[in-house]
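Colleague: One file: target-v4.cif (mmCIF, N, CA and C atoms).
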data_entry
loop_
_atom_site.label_atom_id
_atom_site.label_comp_id
_atom_site.auth_asym_id
_atom_site.auth_seq_id
_atom_site.Cartn_x
_atom_site.Cartn_y
_atom_site.Cartn_z
N ARG U 154 -25.29 -6.96 6.03
CA ARG U 154 -26.18 -5.88 5.63
C ARG U 154 -25.39 -4.61 5.37
N LEU U 155 -24.35 -4.36 6.17
CA LEU U 155 -23.54 -3.16 5.96
C LEU U 155 -22.87 -3.21 4.60
N LEU U 156 -22.27 -4.32 4.26
CA LEU U 156 -21.60 -4.46 2.97
C LEU U 156 -22.58 -4.22 1.82
N ALA U 157 -23.76 -4.78 1.91
CA ALA U 157 -24.77 -4.59 0.86
C ALA U 157 -25.18 -3.12 0.76
N ALA U 158 -25.32 -2.45 1.90
CA ALA U 158 -25.71 -1.04 1.90
C ALA U 158 -24.62 -0.18 1.27
N VAL U 159 -23.37 -0.47 1.59
CA VAL U 159 -22.26 0.31 1.04
C VAL U 159 -22.15 0.08 -0.46
N ARG U 160 -22.28 -1.15 -0.87
CA ARG U 160 -22.19 -1.46 -2.32
C ARG U 160 -23.31 -0.78 -3.10
N ALA U 161 -24.47 -0.67 -2.50
CA ALA U 161 -25.62 -0.09 -3.20
C ALA U 161 -25.59 1.44 -3.20
N ALA U 162 -24.83 2.05 -2.32
CA ALA U 162 -24.82 3.51 -2.20
C ALA U 162 -23.93 4.13 -3.27
N PRO U 163 -24.35 5.26 -3.81
CA PRO U 163 -23.48 6.00 -4.74
C PRO U 163 -22.23 6.47 -4.00
N ALA U 164 -21.08 6.52 -4.69
CA ALA U 164 -19.81 6.88 -4.06
C ALA U 164 -19.83 8.26 -3.42
N ASP U 165 -20.70 9.14 -3.90
CA ASP U 165 -20.75 10.49 -3.33
C ASP U 165 -21.82 10.65 -2.25
N ARG U 166 -22.48 9.55 -1.85
CA ARG U 166 -23.47 9.60 -0.78
C ARG U 166 -22.80 10.11 0.49
N LEU U 167 -23.40 11.05 1.17
CA LEU U 167 -22.84 11.60 2.40
C LEU U 167 -23.25 10.76 3.59
N VAL U 168 -22.28 10.50 4.47
CA VAL U 168 -22.53 9.74 5.70
C VAL U 168 -21.88 10.46 6.87
N ARG U 169 -22.37 10.18 8.06
CA ARG U 169 -21.79 10.74 9.29
C ARG U 169 -20.89 9.69 9.92
N LEU U 170 -19.79 10.14 10.48
CA LEU U 170 -18.92 9.28 11.27
C LEU U 170 -18.98 9.78 12.70
N ALA U 171 -19.16 8.88 13.63
CA ALA U 171 -19.35 9.25 15.03
C ALA U 171 -18.23 10.12 15.57
N GLU U 172 -17.00 9.86 15.15
CA GLU U 172 -15.87 10.60 15.69
C GLU U 172 -15.74 12.02 15.14
N PHE U 173 -16.55 12.37 14.15
CA PHE U 173 -16.52 13.71 13.56
C PHE U 173 -17.92 14.33 13.69
N GLU U 174 -18.24 14.76 14.87
CA GLU U 174 -19.57 15.31 15.15
C GLU U 174 -19.95 16.41 14.17
N GLY U 175 -21.13 16.26 13.59
CA GLY U 175 -21.66 17.31 12.73
C GLY U 175 -21.11 17.34 11.32
N ARG U 176 -20.10 16.54 11.01
CA ARG U 176 -19.52 16.55 9.66
C ARG U 176 -19.98 15.33 8.89
N LYS U 177 -20.15 15.52 7.60
CA LYS U 177 -20.51 14.41 6.72
C LYS U 177 -19.41 14.25 5.67
N PHE U 178 -19.24 13.02 5.24
CA PHE U 178 -18.22 12.69 4.25
C PHE U 178 -18.85 11.83 3.16
N ALA U 179 -18.33 11.94 1.94
CA ALA U 179 -18.76 11.02 0.89
C ALA U 179 -18.41 9.61 1.37
N ILE U 180 -19.27 8.66 1.07
CA ILE U 180 -19.07 7.29 1.56
C ILE U 180 -17.70 6.75 1.14
N GLU U 181 -17.26 7.10 -0.05
CA GLU U 181 -15.95 6.65 -0.52
C GLU U 181 -14.83 7.17 0.38
N VAL U 182 -14.93 8.43 0.79
CA VAL U 182 -13.94 9.03 1.70
C VAL U 182 -14.04 8.38 3.07
N ALA U 183 -15.25 8.20 3.56
CA ALA U 183 -15.45 7.59 4.88
C ALA U 183 -14.88 6.18 4.93
N LEU U 184 -15.08 5.41 3.88
CA LEU U 184 -14.53 4.05 3.85
C LEU U 184 -13.01 4.07 3.83
N GLY U 185 -12.44 5.01 3.09
CA GLY U 185 -10.98 5.15 3.08
C GLY U 185 -10.44 5.48 4.46
N MET U 186 -11.15 6.34 5.17
CA MET U 186 -10.73 6.71 6.52
C MET U 186 -10.79 5.49 7.44
N GLN U 187 -11.81 4.67 7.28
CA GLN U 187 -11.95 3.47 8.11
C GLN U 187 -10.87 2.45 7.79
N VAL U 188 -10.48 2.34 6.52
CA VAL U 188 -9.40 1.43 6.14
C VAL U 188 -8.11 1.86 6.83
N VAL U 189 -7.82 3.16 6.80
CA VAL U 189 -6.61 3.67 7.47
C VAL U 189 -6.67 3.35 8.96
N ASP U 190 -7.77 3.66 9.60
CA ASP U 190 -7.91 3.39 11.04
C ASP U 190 -7.71 1.92 11.36
N CYS U 191 -8.38 1.06 10.63
CA CYS U 191 -8.28 -0.39 10.91
C CYS U 191 -6.86 -0.90 10.71
N ALA U 192 -6.23 -0.52 9.62
CA ALA U 192 -4.88 -1.01 9.34
C ALA U 192 -3.87 -0.51 10.37
N VAL U 193 -3.93 0.78 10.68
CA VAL U 193 -2.96 1.36 11.62
C VAL U 193 -3.19 0.84 13.04
N HIS U 194 -4.44 0.74 13.45
CA HIS U 194 -4.71 0.24 14.80
C HIS U 194 -4.45 -1.26 14.92
N ALA U 195 -4.59 -2.00 13.82
CA ALA U 195 -4.19 -3.41 13.84
C ALA U 195 -2.69 -3.51 14.07
N TRP U 196 -1.94 -2.62 13.43
CA TRP U 196 -0.48 -2.57 13.65
C TRP U 196 -0.19 -2.20 15.10
N ASP U 197 -0.91 -1.22 15.66
CA ASP U 197 -0.73 -0.83 17.06
C ASP U 197 -0.88 -2.03 17.99
N VAL U 198 -1.97 -2.76 17.80
CA VAL U 198 -2.25 -3.92 18.67
C VAL U 198 -1.19 -5.00 18.48
N ALA U 199 -0.87 -5.30 17.24
CA ALA U 199 0.15 -6.33 16.97
C ALA U 199 1.48 -5.94 17.60
N THR U 200 1.86 -4.69 17.45
CA THR U 200 3.13 -4.22 18.02
C THR U 200 3.12 -4.32 19.54
N ALA U 201 2.00 -3.95 20.15
CA ALA U 201 1.88 -4.04 21.61
C ALA U 201 2.01 -5.49 22.09
N LEU U 202 1.59 -6.43 21.23
CA LEU U 202 1.67 -7.85 21.58
C LEU U 202 2.98 -8.49 21.12
N GLY U 203 3.87 -7.68 20.54
CA GLY U 203 5.16 -8.20 20.08
C GLY U 203 5.06 -9.00 18.79
N GLU U 204 4.01 -8.75 18.03
CA GLU U 204 3.78 -9.47 16.77
C GLU U 204 4.05 -8.56 15.58
N GLU U 205 4.28 -9.17 14.44
CA GLU U 205 4.44 -8.43 13.18
C GLU U 205 3.07 -8.27 12.53
N TYR U 206 2.84 -7.16 11.88
CA TYR U 206 1.61 -6.98 11.12
C TYR U 206 1.92 -6.13 9.91
N ARG U 207 1.52 -6.62 8.77
CA ARG U 207 1.64 -5.86 7.53
C ARG U 207 0.42 -6.21 6.68
N PRO U 208 -0.37 -5.20 6.32
CA PRO U 208 -1.54 -5.47 5.50
C PRO U 208 -1.14 -5.76 4.04
N SER U 209 -2.12 -6.12 3.25
CA SER U 209 -1.88 -6.39 1.84
C SER U 209 -1.35 -5.14 1.13
N ALA U 210 -0.75 -5.35 -0.02
CA ALA U 210 -0.20 -4.24 -0.80
C ALA U 210 -1.29 -3.22 -1.15
N ALA U 211 -2.49 -3.69 -1.44
CA ALA U 211 -3.59 -2.78 -1.78
C ALA U 211 -3.96 -1.89 -0.60
N ILE U 212 -3.98 -2.45 0.59
CA ILE U 212 -4.29 -1.67 1.80
C ILE U 212 -3.14 -0.70 2.09
N VAL U 213 -1.90 -1.17 1.95
CA VAL U 213 -0.75 -0.28 2.17
C VAL U 213 -0.83 0.92 1.24
N GLU U 214 -1.22 0.70 0.00
CA GLU U 214 -1.34 1.80 -0.97
C GLU U 214 -2.36 2.84 -0.50
N VAL U 215 -3.51 2.38 -0.02
CA VAL U 215 -4.56 3.29 0.47
C VAL U 215 -4.05 4.05 1.69
N VAL U 216 -3.42 3.33 2.63
CA VAL U 216 -2.94 3.96 3.86
C VAL U 216 -1.84 4.97 3.55
N LEU U 217 -0.91 4.62 2.68
CA LEU U 217 0.19 5.54 2.35
C LEU U 217 -0.34 6.80 1.68
N SER U 218 -1.26 6.65 0.75
CA SER U 218 -1.84 7.82 0.09
C SER U 218 -2.50 8.75 1.10
N SER U 219 -3.28 8.18 1.99
CA SER U 219 -3.94 8.98 3.03
C SER U 219 -2.94 9.58 4.00
N ALA U 220 -1.93 8.80 4.37
CA ALA U 220 -0.92 9.28 5.32
C ALA U 220 -0.18 10.49 4.76
N ARG U 221 0.11 10.47 3.48
CA ARG U 221 0.78 11.62 2.86
C ARG U 221 -0.09 12.86 2.92
N MET U 222 -1.39 12.71 2.69
CA MET U 222 -2.30 13.86 2.77
C MET U 222 -2.42 14.35 4.21
N ILE U 223 -2.54 13.43 5.15
CA ILE U 223 -2.67 13.80 6.55
C ILE U 223 -1.43 14.53 7.03
N ALA U 224 -0.26 14.01 6.70
CA ALA U 224 1.00 14.62 7.14
C ALA U 224 1.22 15.99 6.52
N ALA U 225 0.65 16.23 5.34
CA ALA U 225 0.83 17.51 4.66
C ALA U 225 -0.07 18.62 5.20
N ARG U 226 -1.07 18.24 6.00
CA ARG U 226 -1.98 19.25 6.56
C ARG U 226 -1.27 20.11 7.58
N PRO U 227 -1.44 21.43 7.50
CA PRO U 227 -0.89 22.27 8.55
C PRO U 227 -1.52 21.89 9.90
N GLY U 228 -0.71 21.59 10.87
CA GLY U 228 -1.22 21.22 12.19
C GLY U 228 -1.58 19.75 12.30
N GLY U 229 -1.47 18.99 11.19
CA GLY U 229 -1.73 17.56 11.23
C GLY U 229 -3.16 17.25 11.63
N THR U 230 -3.32 16.24 12.44
CA THR U 230 -4.64 15.83 12.92
C THR U 230 -4.55 15.61 14.43
N PRO U 231 -4.52 16.70 15.20
CA PRO U 231 -4.39 16.56 16.64
C PRO U 231 -5.45 15.64 17.23
N GLY U 232 -5.02 14.75 18.11
CA GLY U 232 -5.93 13.84 18.76
C GLY U 232 -6.26 12.61 17.94
N VAL U 233 -5.84 12.59 16.68
CA VAL U 233 -6.12 11.44 15.83
C VAL U 233 -4.83 10.66 15.57
N PHE U 234 -3.82 11.34 15.06
CA PHE U 234 -2.52 10.72 14.82
C PHE U 234 -1.44 11.61 15.42
N ALA U 235 -0.34 10.99 15.79
CA ALA U 235 0.79 11.75 16.33
C ALA U 235 1.45 12.53 15.19
N PRO U 236 2.27 13.53 15.53
CA PRO U 236 2.98 14.27 14.48
C PRO U 236 3.84 13.31 13.65
N PRO U 237 4.00 13.62 12.37
CA PRO U 237 4.80 12.74 11.51
C PRO U 237 6.23 12.60 12.01
N ARG U 238 6.77 11.42 11.76
CA ARG U 238 8.18 11.15 12.02
C ARG U 238 8.89 11.11 10.67
N GLU U 239 10.19 11.09 10.68
CA GLU U 239 10.94 11.02 9.42
C GLU U 239 10.56 9.72 8.70
N PRO U 240 9.98 9.83 7.49
CA PRO U 240 9.54 8.62 6.79
C PRO U 240 10.69 7.77 6.26
N VAL U 241 10.46 6.47 6.22
CA VAL U 241 11.40 5.51 5.66
C VAL U 241 10.89 5.23 4.25
N ARG U 242 11.45 5.90 3.26
CA ARG U 242 10.89 5.87 1.92
C ARG U 242 11.18 4.58 1.14
N ILE U 243 11.99 3.69 1.69
CA ILE U 243 12.28 2.46 0.96
C ILE U 243 11.19 1.40 1.17
N ASP U 244 10.32 1.61 2.14
CA ASP U 244 9.26 0.65 2.44
C ASP U 244 7.95 1.41 2.60
N PRO U 245 6.97 1.19 1.71
CA PRO U 245 5.72 1.96 1.77
C PRO U 245 4.98 1.85 3.10
N TRP U 246 4.96 0.66 3.71
CA TRP U 246 4.24 0.50 4.98
C TRP U 246 4.96 1.27 6.09
N ALA U 247 6.28 1.16 6.14
CA ALA U 247 7.05 1.90 7.15
C ALA U 247 6.90 3.40 6.94
N GLU U 248 6.85 3.84 5.68
CA GLU U 248 6.66 5.26 5.38
C GLU U 248 5.29 5.73 5.88
N ALA U 249 4.26 4.94 5.61
CA ALA U 249 2.90 5.30 6.05
C ALA U 249 2.86 5.42 7.58
N LEU U 250 3.42 4.43 8.26
CA LEU U 250 3.42 4.46 9.73
C LEU U 250 4.17 5.68 10.26
N ALA U 251 5.31 5.99 9.68
CA ALA U 251 6.08 7.16 10.13
C ALA U 251 5.30 8.45 9.90
N LEU U 252 4.65 8.56 8.75
CA LEU U 252 3.88 9.76 8.47
C LEU U 252 2.70 9.94 9.43
N LEU U 253 2.27 8.82 10.02
CA LEU U 253 1.17 8.87 11.00
C LEU U 253 1.68 8.85 12.43
N GLY U 254 2.97 9.13 12.59
CA GLY U 254 3.55 9.29 13.93
C GLY U 254 3.94 8.02 14.62
N ARG U 255 4.07 6.94 13.88
CA ARG U 255 4.44 5.66 14.48
C ARG U 255 5.82 5.24 14.08
#
As C-alpha cells - that is how I would like this structure written.
Modeller:
Amino acid sequence: RLLAAVRAAPADRLVRLAEFEGRKFAIEVALGMQVVDCAVHAWDVATALGEEYRPSAAIVEVVLSSARMIAARPGGTPGVFAPPREPVRIDPWAEALALLGR
C-alpha cells in the first residue's frame, strides 16, 4: 500500500517525517532521505557484523549526491551524521561514507 501511495502522489506532495518534528518535505526529497538512511545504516550493521555491504550503483549515486550536500552544510547535521572525514574520491561509495562521517 505504501508503494502504491508513493507512486500515486505528485513529486511535490509534502509529507512529514517523524524524525523532523514540524517540518514537511516534498515526497521526492523525503524518499531520497530514506534511501540515504537505509543504505548507510545497512552499511553500519554489516560493518558491525564484519560483513561487506555495497548498494547498487544507482543507490550509491543517490547517496553520494546527498552526502555532498550534507557535508557542504555549515555545521553539518548534528545528531544525524558524524562530521565528514577526508573523502576517498576514487570510489564513490567510500567517498559517500567518508562525507557522512564513516
Colleague: What is the distance, in Å and to one decimal place, between CA of Glu248 in chain U and CA of Phe173 in chain U?
Modeller: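 These atoms are spaced 26.0 Å apart.
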Colleague: Please, which residues of chain U, numbered as in this document, come out helix (DSSP H, G or I) from DSSP, as a PyMOL selection string?
Modeller: chain U and resi 155-161+180-201+210-225+245-252
Colleague: Convert the output of the PyMOL selection byres ((chain U and resi 236-241) around 7) on the shown file into explicit residues, formatted as a short mmCIF file (atom, residue, chain, number, x, y, z; two decimals) with N, CA and C atoms, in the frame of the given file.
Modeller:
data_model
loop_
_atom_site.label_atom_id
_atom_site.label_comp_id
_atom_site.auth_asym_id
_atom_site.auth_seq_id
_atom_site.Cartn_x
_atom_site.Cartn_y
_atom_site.Cartn_z
N ALA U 224 -0.26 14.01 6.70
CA ALA U 224 1.00 14.62 7.14
C ALA U 224 1.22 15.99 6.52
N GLY U 229 -1.47 18.99 11.19
CA GLY U 229 -1.73 17.56 11.23
C GLY U 229 -3.16 17.25 11.63
N THR U 230 -3.32 16.24 12.44
CA THR U 230 -4.64 15.83 12.92
C THR U 230 -4.55 15.61 14.43
N PHE U 234 -3.82 11.34 15.06
CA PHE U 234 -2.52 10.72 14.82
C PHE U 234 -1.44 11.61 15.42
N ALA U 235 -0.34 10.99 15.79
CA ALA U 235 0.79 11.75 16.33
C ALA U 235 1.45 12.53 15.19
N ARG U 242 11.45 5.90 3.26
CA ARG U 242 10.89 5.87 1.92
C ARG U 242 11.18 4.58 1.14
N ILE U 243 11.99 3.69 1.69
CA ILE U 243 12.28 2.46 0.96
C ILE U 243 11.19 1.40 1.17
N ASP U 244 10.32 1.61 2.14
CA ASP U 244 9.26 0.65 2.44
C ASP U 244 7.95 1.41 2.60
N PRO U 245 6.97 1.19 1.71
CA PRO U 245 5.72 1.96 1.77
C PRO U 245 4.98 1.85 3.10
N ALA U 247 6.28 1.16 6.14
CA ALA U 247 7.05 1.90 7.15
C ALA U 247 6.90 3.40 6.94
N GLU U 248 6.85 3.84 5.68
CA GLU U 248 6.66 5.26 5.38
C GLU U 248 5.29 5.73 5.88
N ALA U 249 4.26 4.94 5.61
CA ALA U 249 2.90 5.30 6.05
C ALA U 249 2.86 5.42 7.58
N LEU U 250 3.42 4.43 8.26
CA LEU U 250 3.42 4.46 9.73
C LEU U 250 4.17 5.68 10.26
N ALA U 251 5.31 5.99 9.68
CA ALA U 251 6.08 7.16 10.13
C ALA U 251 5.30 8.45 9.90
N LEU U 252 4.65 8.56 8.75
CA LEU U 252 3.88 9.76 8.47
C LEU U 252 2.70 9.94 9.43
N LEU U 253 2.27 8.82 10.02
CA LEU U 253 1.17 8.87 11.00
C LEU U 253 1.68 8.85 12.43
N GLY U 254 2.97 9.13 12.59
CA GLY U 254 3.55 9.29 13.93
C GLY U 254 3.94 8.02 14.62
N ARG U 255 4.07 6.94 13.88
CA ARG U 255 4.44 5.66 14.48
C ARG U 255 5.82 5.24 14.08
#
Colleague: Carefully work through the PyMOL selection byres (((chain U and resi 203-207 and name CA) around 12) and name CA) for this structure and note down the residues it includes, as a count of residues only.
Modeller: 26
Colleague: Can you list, as a count of residues only, every residue of chain U that DSSP puts in strand (DSSP E)?
Modeller: 6
Colleague: Where's the centre, and what are the edge lengths in Å to one decimal, of a box along x, y and z enclosing all listed atoms of range 211-230 of chain U padded 4 Å per side, as AutoDock Vina command-line options?
Modeller:
--center_x -1.7 --center_y 9.3 --center_z 6.3 --size_x 13.9 --size_y 34.0 --size_z 24.2
Colleague: Would you mind listing what lies within 12 Å of Ala162 in chain U as a ChimeraX atom specification, with only C-alpha atoms counted and same-chain residues fewer than 6 positions away left out?
Modeller: /U:155-156,168,179-181,184
Colleague: Output N, CA and C atoms for every residue in the selection just made, as a tab-separated table (two decimals), keeping the file's coordinate frame.
Modeller:
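Output file out_33.tsv follows:
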chain	number	residue	atom	x	y	z
U	155	LEU	N	-24.35	-4.36	6.17
U	155	LEU	CA	-23.54	-3.16	5.96
U	155	LEU	C	-22.87	-3.21	4.60
U	156	LEU	N	-22.27	-4.32	4.26
U	156	LEU	CA	-21.60	-4.46	2.97
U	156	LEU	C	-22.58	-4.22	1.82
U	168	VAL	N	-22.28	10.50	4.47
U	168	VAL	CA	-22.53	9.74	5.70
U	168	VAL	C	-21.88	10.46	6.87
U	179	ALA	N	-18.33	11.94	1.94
U	179	ALA	CA	-18.76	11.02	0.89
U	179	ALA	C	-18.41	9.61	1.37
U	180	ILE	N	-19.27	8.66	1.07
U	180	ILE	CA	-19.07	7.29	1.56
U	180	ILE	C	-17.70	6.75	1.14
U	181	GLU	N	-17.26	7.10	-0.05
U	181	GLU	CA	-15.95	6.65	-0.52
U	181	GLU	C	-14.83	7.17	0.38
U	184	LEU	N	-15.08	5.41	3.88
U	184	LEU	CA	-14.53	4.05	3.85
U	184	LEU	C	-13.01	4.07	3.83
Colleague: Any idea what the distance is between atom C of Arg166 in chain U and atom C of Met186 in chain U?
Modeller: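 Taking atom C of Arg166 in chain U and atom C of Met186 in chain U, their separation equals 14.6 Å.
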Colleague: Take atom C of Arg154 in chain U and CA of Ser219 in chain U and report the distance between them in Å, one decimal.
Modeller: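 Taking atom C of Arg154 in chain U as the start and CA of Ser219 in chain U as the end point, the length is 25.5 Å.
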Colleague: Given the PyMOL selection byres (((chain U and resi 177 and name CA) around 6) and name CA) and the file above, list the residues it selects as a VMD selection string.
Modeller: chain U and resid 167 to 169 176 178
Colleague: My list of candidates is U:Val233, U:Ala164, U:Leu170, U:Val188. Which is closest to Val215 in chain U when distances are computed with only C-alpha atoms?
Modeller: U:Val188
